[in-house]
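This is run21.tsv. It holds TSV, C-alpha atoms.
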chain	number	residue	atom	x	y	z
A	24	MET	CA	-11.55	20.02	-39.00
A	25	ALA	CA	-11.22	17.82	-42.08
A	26	LEU	CA	-11.95	14.16	-41.54
A	27	PRO	CA	-9.12	11.68	-42.25
A	28	ASP	CA	-9.16	9.58	-45.42
A	29	SER	CA	-9.50	6.23	-43.66
A	30	VAL	CA	-10.04	4.63	-40.28
A	31	ASP	CA	-6.45	3.35	-40.49
A	32	ASP	CA	-5.28	6.97	-40.39
A	33	VAL	CA	-7.33	7.54	-37.24
A	34	GLU	CA	-5.91	4.41	-35.58
A	35	LEU	CA	-2.33	5.26	-36.55
A	36	ASP	CA	-2.70	8.84	-35.30
A	37	THR	CA	-4.22	7.62	-32.04
A	38	GLU	CA	-1.45	5.07	-31.50
A	39	GLU	CA	1.26	7.61	-32.33
A	40	ARG	CA	-0.16	10.17	-29.88
A	41	MET	CA	-0.45	7.52	-27.15
A	42	GLY	CA	3.17	6.54	-27.78
A	43	LYS	CA	4.23	10.16	-27.36
A	44	THR	CA	2.30	10.29	-24.08
A	45	ILE	CA	4.22	7.24	-22.80
A	46	ALA	CA	7.52	8.92	-23.76
A	47	SER	CA	6.45	12.07	-21.92
A	48	VAL	CA	5.54	10.10	-18.77
A	49	LYS	CA	8.94	8.36	-18.84
A	50	LYS	CA	10.74	11.69	-19.25
A	51	ASN	CA	8.79	13.26	-16.38
A	52	LEU	CA	9.44	10.29	-14.10
A	53	GLN	CA	13.19	10.58	-14.74
A	54	THR	CA	13.17	13.91	-12.98
A	55	VAL	CA	11.77	12.40	-9.75
A	56	ARG	CA	14.54	11.94	-7.22
A	57	THR	CA	15.51	8.52	-6.00
A	58	GLY	CA	18.19	8.06	-3.35
A	59	ARG	CA	20.93	8.12	-6.00
A	60	ALA	CA	22.46	10.93	-8.04
A	61	ASN	CA	21.16	11.03	-11.60
A	62	ALA	CA	21.86	13.76	-14.16
A	63	ALA	CA	18.30	13.41	-15.51
A	64	MET	CA	17.03	14.98	-12.25
A	65	LEU	CA	18.00	18.35	-13.70
A	66	ASP	CA	16.40	17.88	-17.15
A	67	LEU	CA	13.37	20.06	-16.41
A	68	VAL	CA	15.31	22.78	-14.57
A	69	LEU	CA	15.43	25.88	-16.78
A	70	VAL	CA	17.95	28.67	-16.28
A	71	ASN	CA	17.25	32.23	-17.40
A	72	TYR	CA	20.20	32.56	-19.82
A	73	TYR	CA	20.30	35.97	-21.51
A	74	GLY	CA	16.53	36.23	-21.23
A	75	ALA	CA	15.74	32.77	-22.61
A	76	PRO	CA	14.79	29.77	-20.44
A	77	THR	CA	17.51	27.19	-21.18
A	78	PRO	CA	17.90	23.63	-19.85
A	79	ILE	CA	20.99	23.18	-17.67
A	80	ASN	CA	22.26	20.28	-19.79
A	81	GLN	CA	22.58	22.66	-22.78
A	82	MET	CA	24.75	25.16	-20.95
A	83	ALA	CA	26.84	23.00	-18.64
A	84	SER	CA	28.51	19.65	-18.28
A	85	ILE	CA	26.72	17.52	-15.67
A	86	SER	CA	28.65	14.64	-14.15
A	87	VAL	CA	28.07	12.10	-11.39
A	88	PRO	CA	31.33	11.69	-9.42
A	89	ASN	CA	29.69	9.31	-6.93
A	90	SER	CA	26.23	8.00	-6.05
A	91	GLN	CA	25.45	10.92	-3.72
A	92	GLN	CA	26.76	13.89	-5.70
A	93	LEU	CA	26.31	15.75	-8.99
A	94	THR	CA	28.71	18.33	-10.36
A	95	ILE	CA	27.68	21.00	-12.84
A	96	GLU	CA	30.42	22.76	-14.77
A	97	PRO	CA	29.04	25.57	-16.95
A	98	TYR	CA	30.67	26.30	-20.30
A	99	ASP	CA	30.31	29.99	-19.45
A	100	LYS	CA	31.42	30.67	-15.85
A	101	SER	CA	29.39	33.89	-15.69
A	102	VAL	CA	26.13	31.91	-15.36
A	103	LEU	CA	27.09	30.04	-12.17
A	104	GLY	CA	24.81	32.26	-10.07
A	105	ASP	CA	21.91	31.85	-12.50
A	106	ILE	CA	22.25	28.06	-12.46
A	107	GLU	CA	22.44	28.07	-8.67
A	108	ARG	CA	19.28	30.21	-8.46
A	109	ALA	CA	17.39	27.99	-10.94
A	110	ILE	CA	18.22	24.82	-8.98
A	111	THR	CA	17.12	26.42	-5.71
A	112	GLU	CA	13.86	27.68	-7.25
A	113	ALA	CA	13.11	24.33	-8.97
A	114	GLY	CA	11.97	22.79	-5.68
A	115	LEU	CA	14.13	19.68	-5.95
A	116	GLY	CA	15.09	19.84	-2.29
A	117	LEU	CA	18.75	20.24	-3.22
A	118	THR	CA	21.14	22.94	-2.05
A	119	PRO	CA	23.78	23.92	-4.62
A	120	ASN	CA	27.36	24.58	-3.43
A	121	ASN	CA	29.14	27.05	-5.72
A	122	ASP	CA	32.94	27.03	-5.52
A	123	GLY	CA	33.54	29.61	-8.27
A	124	SER	CA	34.15	27.23	-11.17
A	125	LEU	CA	31.56	24.49	-10.66
A	126	ILE	CA	28.47	23.68	-8.65
A	127	ARG	CA	28.27	20.61	-6.46
A	128	LEU	CA	24.91	19.13	-5.54
A	129	ASN	CA	24.97	16.70	-2.64
A	130	ILE	CA	22.05	14.31	-2.87
A	131	PRO	CA	20.81	13.62	0.65
A	132	VAL	CA	19.56	10.18	1.54
A	133	LEU	CA	15.77	10.26	1.29
A	134	THR	CA	13.83	10.19	4.53
A	135	GLU	CA	10.71	8.03	4.79
A	136	ASP	CA	8.48	11.12	4.52
A	137	ARG	CA	10.35	12.36	1.46
A	138	ARG	CA	10.06	8.91	-0.14
A	139	LYS	CA	6.29	8.99	0.39
A	140	GLU	CA	6.18	12.45	-1.21
A	141	MET	CA	8.18	11.16	-4.20
A	142	ILE	CA	5.85	8.17	-4.57
A	143	LYS	CA	2.85	10.54	-4.57
A	144	GLN	CA	4.61	12.61	-7.23
A	145	CYS	CA	5.19	9.45	-9.32
A	146	LYS	CA	1.54	8.48	-9.03
A	147	ALA	CA	0.45	12.00	-10.02
A	148	ILE	CA	2.66	11.90	-13.12
A	149	GLY	CA	1.24	8.48	-13.99
A	150	GLU	CA	-2.32	9.71	-13.48
A	151	ASP	CA	-1.68	12.72	-15.74
A	152	GLY	CA	-0.38	10.29	-18.38
A	153	LYS	CA	-3.50	8.13	-18.10
A	154	VAL	CA	-5.73	11.20	-18.48
A	155	ALA	CA	-3.78	12.20	-21.59
A	156	ILE	CA	-4.18	8.67	-23.01
A	157	ARG	CA	-7.93	8.80	-22.36
A	158	ASN	CA	-8.15	12.21	-24.05
A	159	VAL	CA	-6.41	10.78	-27.11
A	160	ARG	CA	-8.90	7.87	-27.07
A	161	ARG	CA	-11.82	10.30	-26.85
A	162	ASP	CA	-10.49	12.28	-29.82
A	163	GLY	CA	-10.08	9.10	-31.89
A	164	VAL	CA	-13.55	7.79	-31.03
A	165	ASP	CA	-15.12	11.19	-31.75
A	166	THR	CA	-13.45	11.26	-35.17
A	167	ILE	CA	-14.74	7.74	-35.93
A	168	LYS	CA	-18.27	8.74	-34.87
A	169	LYS	CA	-18.12	11.80	-37.14
A	170	MET	CA	-16.98	9.61	-40.04
A	171	GLU	CA	-19.92	7.27	-39.36
A	172	LYS	CA	-22.32	10.23	-39.18
A	173	GLU	CA	-21.00	11.52	-42.54
A	174	SER	CA	-21.61	8.01	-43.95
A	175	LEU	CA	-17.92	7.54	-44.76
A	176	ILE	CA	-17.91	4.25	-42.83
A	177	GLY	CA	-20.57	1.81	-41.72
A	178	GLU	CA	-21.81	1.18	-38.20
A	179	ASP	CA	-20.06	-2.21	-37.96
A	180	GLU	CA	-16.70	-0.75	-38.99
A	181	SER	CA	-17.22	2.14	-36.57
A	182	LYS	CA	-17.88	-0.22	-33.64
A	183	SER	CA	-14.90	-2.39	-34.62
A	184	VAL	CA	-12.47	0.57	-34.76
A	185	GLN	CA	-13.81	1.99	-31.49
A	186	SER	CA	-13.16	-1.40	-29.92
A	187	ASP	CA	-9.60	-1.41	-31.32
A	188	ILE	CA	-8.99	2.09	-29.93
A	189	GLN	CA	-10.26	0.95	-26.52
A	190	LYS	CA	-7.87	-2.04	-26.61
A	191	LEU	CA	-5.00	0.34	-27.46
A	192	THR	CA	-6.03	2.55	-24.55
A	193	ASP	CA	-6.07	-0.39	-22.14
A	194	THR	CA	-2.63	-1.51	-23.32
A	195	TYR	CA	-1.09	1.94	-22.89
A	196	VAL	CA	-2.73	2.49	-19.48
A	197	LYS	CA	-1.26	-0.83	-18.29
A	198	GLU	CA	2.14	0.26	-19.62
A	199	ILE	CA	1.93	3.50	-17.64
A	200	ASP	CA	0.98	1.52	-14.52
A	201	SER	CA	4.02	-0.73	-14.92
A	202	ILE	CA	6.38	2.22	-15.58
A	203	VAL	CA	5.09	4.01	-12.46
A	204	ALA	CA	5.35	0.81	-10.38
A	205	THR	CA	8.98	0.38	-11.48
A	206	LYS	CA	9.80	3.97	-10.52
A	207	GLU	CA	8.02	3.60	-7.16
A	208	LYS	CA	10.08	0.49	-6.46
A	209	ASP	CA	13.19	2.51	-7.36
A	210	VAL	CA	12.19	5.29	-4.94
A	211	LYS	CA	11.42	2.81	-2.14
A	212	THR	CA	14.85	1.14	-2.47
A	213	VAL	CA	17.09	2.40	0.31

Give the structure from the file, written as structure tokens.
Amino acid sequence: MALPDSVDDVELDTEERMGKTIASVKKNLQTVRTGRANAAMLDLVLVNYYGAPTPINQMASISVPNSQQLTIEPYDKSVLGDIERAITEAGLGLTPNNDGSLIRLNIPVLTEDRRKEMIKQCKAIGEDGKVAIRNVRRDGVDTIKKMEKESLIGEDESKSVQSDIQKLTDTYVKEIDSIVATKEKDVKTV
């Protein structure tokens, strides 16, 4: 692996990768069910469409007629069964009702046990995000240490940049904690 030209490149790359991790955590948390209907719940559900895994939102119109129901109207009616199967297999705890032209998903009110499960799922997603952030930090620090070893930068600059990367890490970890706490609050709301 070629070393970057400057420590600024390392810091920018580290910050960019941490930002992408935050975006990924937010996207994954959107798919966690709260007590209300939300089209984003189906974002990670993939349907086998002519042999290719395809997100539902690319092959159907998803609407929220009321707070407890989603309707999915495929552009191609021949895939209704495939969409129904994908939703059932996705493990969302939802039972699709197919009426021949669209699929209705009734969102049941979450029980206390189900809420606890969802909160655990939120925490797991947050923890995965924190691990990813720490891996990015490790990569950045390793690169800085290699640059120091190759005498491209001095020891003082190396320590300073490592400290900056650690501060970035702390900031992003706190951001993940607050995002997860917000989602947990959302799940707890009856």

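Considering the residues A:Gln81, A:Ser90, A:Asn51, A:Thr37 and counting only C-alpha atoms, Val164 in chain A has its shortest atom-to-atom contact with A:Thr37.
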
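Among the candidates A:Glu173, A:Ala204, A:Asp162, A:Thr111, the one nearest to Gln189 in chain A when counting all atoms listed in the file is A:Asp162.
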
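Of the residues listed (A:Asn129, A:Ser101, A:Gln53, A:Asn121), A:Asn129 shows the shortest atom-to-atom separation from Val87 in chain A; distances use all atoms listed in the file.
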
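Separating CA of Gly152 in chain A from CA of Ile199 in chain A is a distance of 7.2 Å.
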
Among listed residues A:Ile142, A:Leu128, A:Leu103, A:Ile110, nearest Ala60 in chain A (using all atoms listed in the file): A:Leu128

Nearest to Ile202 in chain A, chosen from A:Gly114, A:Pro78, A:Gly42, A:Gly149, with only C-alpha atoms counted in the distances: A:Gly149

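Residue nearest Asn71 in chain A within the list A:Ala109, A:Leu175, A:Leu35, A:Val196: A:Ala109 [criterion: smallest interatomic distance, only C-alpha atoms].
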
Who sits within 10 Å of Val33 in chain A, only C-alpha atoms, same chain under 2 positions skipped, as a PyMOL selection string: chain A and resi 26-31+35-39+162-164+166-167+184+188

Distance query 8 Å from (7.6, 5.8, -5.1) using only C-alpha atoms, result as a VMD selection string: chain A and resid 138 to 146 203 to 204 206 to 211

Close residues, Arg127 in chain A itself excluded, 7 Å, all atoms listed in the file, min 4 positions apart in chain, as a VMD selection string: chain A and resid 92 to 95 119 to 121

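Relative to CA of Leu69 in chain A, CA of Ile106 in chain A is found at 8.4 Å.
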
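Here CA of Thr118 in chain A is placed at a distance of 23.4 Å from CA of Tyr73 in chain A.
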